[in-house]
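Notes to accompany the following structure.
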Amino acid sequence: MQSATVLSPAKVKNSDLVRVMIVDDSAVVRGLVSRWLSEEDDLLVVEKCSNGKIALDKIADAQPDIVVLDIEMPVMDGLEALPELQKRAPRSKFLMASTLTQRNAEISLKALSLGATDYIAKPEGNRGVTTSEDFRKELIKRIRAIGGKGKRLRAPASANRTEVEKAVPGVISVHGSPGGQAPTTLKSFSLVKPRALVIGSSTGGPQALMTLLAHISPHLNDIPTLITQHMPPTFTKILAQNLARSLDRTVKEGEQGEILQSGHIYVAPGEHHMLVEEREGRVSIVLDDGPQVNYCRPAVDPMSISAAKVFKAGMLNIILTGMGHDGAEGVKAVSAVGGSVIAQDEESSVVWGMPGAAAATGCCSAVLPLNEIGPKTVSLIRGI
């Protein structure tokens, strides 16, 4: 039996609030998350359900902007419920919640392929949830970012330069323009054919990566590709495995000291920044488990900045959808050595934080819809 949700009259009348449905088999989790969200002025819990079947019955009337959907539930689990929930509430967005197991990582990425917007790693057990302030903050941040009435979250272009300098000694520091809007002018593309492709992404990234790589994969035989997707351990491994199966190409987590090979795609492993260095003409991977950069590990900035120092004008940097401003400092470094930068545009991004911050630096060669990034990348790689 579901308990009635008590809503503040003032909140009910406010149409600007993000409407949230919580679907979790734990009464403790439902109650705690509901309390967290009720304490936020811009969030409104419109329904709480203990399994996917109950959510199916409630979602049409609740009309949530975002559904926080647990994966493991009795009667009907999150993956089974997702397609039906999407049919009954086509405008709702779905945030999958799961613990950090290999099975749940696989299910979460499957859910993303079926149309879920994002996922969040949930601490183990009720006690883990109740004692995790990090989970509370991350959950609220993601709900705001992807559930906000179609408003894409933007971020300032200025990253924390001190953090980046600590992660990558000798960082090239180039100041860009502040703000969240793309500049009216763009830099020219490098006349040097790319020697490496470096991609950064976060919220909405797995889907964007699959779309982009499916288009460009046949043209990646002559260059290595480096990817940092904000994900925890296990998830990055499953992401690499899924990409490998879909692309029929070598895709793997980067390993310490591994020599880059053309045609291979390397994914930064969870909890490690993935950098590159050149010695005696060979470029190898360096894994760093030092402090977070831009509140992330792995972070895009350390990877892009280190790659810019190695590949210079022969580097192509792509910043895809994601929260925050990670990647903006790397974009400046790439531009400073004559490389090329493409940022995903606002309309096609799930969250226009990272690509918006990149665009605001004034260092991008293009700001394009996702479906145009692939063709442009191919033309650059082919030198046409």
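Within each chain, counting starts at residue 1; across the structure tokens, chains are named A, B, ... in the order shown, with ligands numbered 1 upward in that order.
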
*asked:* Which residues are close to Pro233 of chain A, i.e. within 7 Å by only C-alpha atoms, leaving aside same-chain residues fewer than 4 positions away? Reply as a ChimeraX atom specification.
replied: /A:269-271

*asked:* Need to verify the contact set: Gly263 of chain A, 8 Å, only C-alpha atoms, exclusion of same-chain residues closer than 5 positions in sequence. Can you return it as a VMD selection string?
replied: chain A and resid 220 to 225 249 to 250

For the residues in that selection, give me N, CA and C atoms as a PDB file, in the first residue's frame.
ATOM      1  N   LEU A 220      38.828   5.479 -38.277  1.00  0.00           N
ATOM      2  CA  LEU A 220      39.741   5.648 -37.152  1.00  0.00           C
ATOM      3  C   LEU A 220      40.954   4.716 -37.195  1.00  0.00           C
ATOM      4  N   ASN A 221      41.174   4.057 -38.318  1.00  0.00           N
ATOM      5  CA  ASN A 221      42.248   3.058 -38.376  1.00  0.00           C
ATOM      6  C   ASN A 221      43.649   3.651 -38.221  1.00  0.00           C
ATOM      7  N   ASP A 222      43.815   4.922 -38.575  1.00  0.00           N
ATOM      8  CA  ASP A 222      45.161   5.491 -38.621  1.00  0.00           C
ATOM      9  C   ASP A 222      45.495   6.380 -37.431  1.00  0.00           C
ATOM     10  N   ILE A 223      44.567   6.520 -36.469  1.00  0.00           N
ATOM     11  CA  ILE A 223      44.838   7.365 -35.303  1.00  0.00           C
ATOM     12  C   ILE A 223      44.286   6.701 -34.043  1.00  0.00           C
ATOM     13  N   PRO A 224      44.905   6.958 -32.892  1.00  0.00           N
ATOM     14  CA  PRO A 224      44.316   6.485 -31.633  1.00  0.00           C
ATOM     15  C   PRO A 224      43.222   7.430 -31.168  1.00  0.00           C
ATOM     16  N   THR A 225      42.292   6.905 -30.393  1.00  0.00           N
ATOM     17  CA  THR A 225      41.202   7.703 -29.833  1.00  0.00           C
ATOM     18  C   THR A 225      41.217   7.547 -28.319  1.00  0.00           C
ATOM     19  N   ARG A 249      35.633  -3.126 -32.988  1.00  0.00           N
ATOM     20  CA  ARG A 249      36.945  -2.488 -32.946  1.00  0.00           C
ATOM     21  C   ARG A 249      37.518  -2.675 -31.542  1.00  0.00           C
ATOM     22  N   THR A 250      38.829  -2.591 -31.397  1.00  0.00           N
ATOM     23  CA  THR A 250      39.439  -2.680 -30.078  1.00  0.00           C
ATOM     24  C   THR A 250      39.105  -1.438 -29.260  1.00  0.00           C
TER      25      THR A 250
END

_as number ranges by chain, please: every residue in segment 41-242 of chain A that DSSP puts in strand (DSSP E)._
A: 43-49, 66-70, 93-98, 118-121, 196-201, 225-229

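With distances restricted to only C-alpha atoms, A:Ile140 is the closest residue to Leu37 of chain A from A:Ile140, A:Gly128, A:Glu347, A:Lys110.
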
_Residue nearest Ser108 of chain A among A:Val23, A:Met76, A:Leu260, A:Ile238 (counting only C-alpha atoms)_ = A:Ile238

*asked:* From the options A:Pro218, A:Pro355, A:Pro375, A:Gly147, which residue's atoms come nearest to Gly205 of chain A, counting only C-alpha atoms?
replied: A:Pro355

*Top pick for closest residue to Val378 of chain A, considering A:Gly338, A:Gly78, A:Pro298, A:Pro194 and counting only C-alpha atoms*: A:Pro194
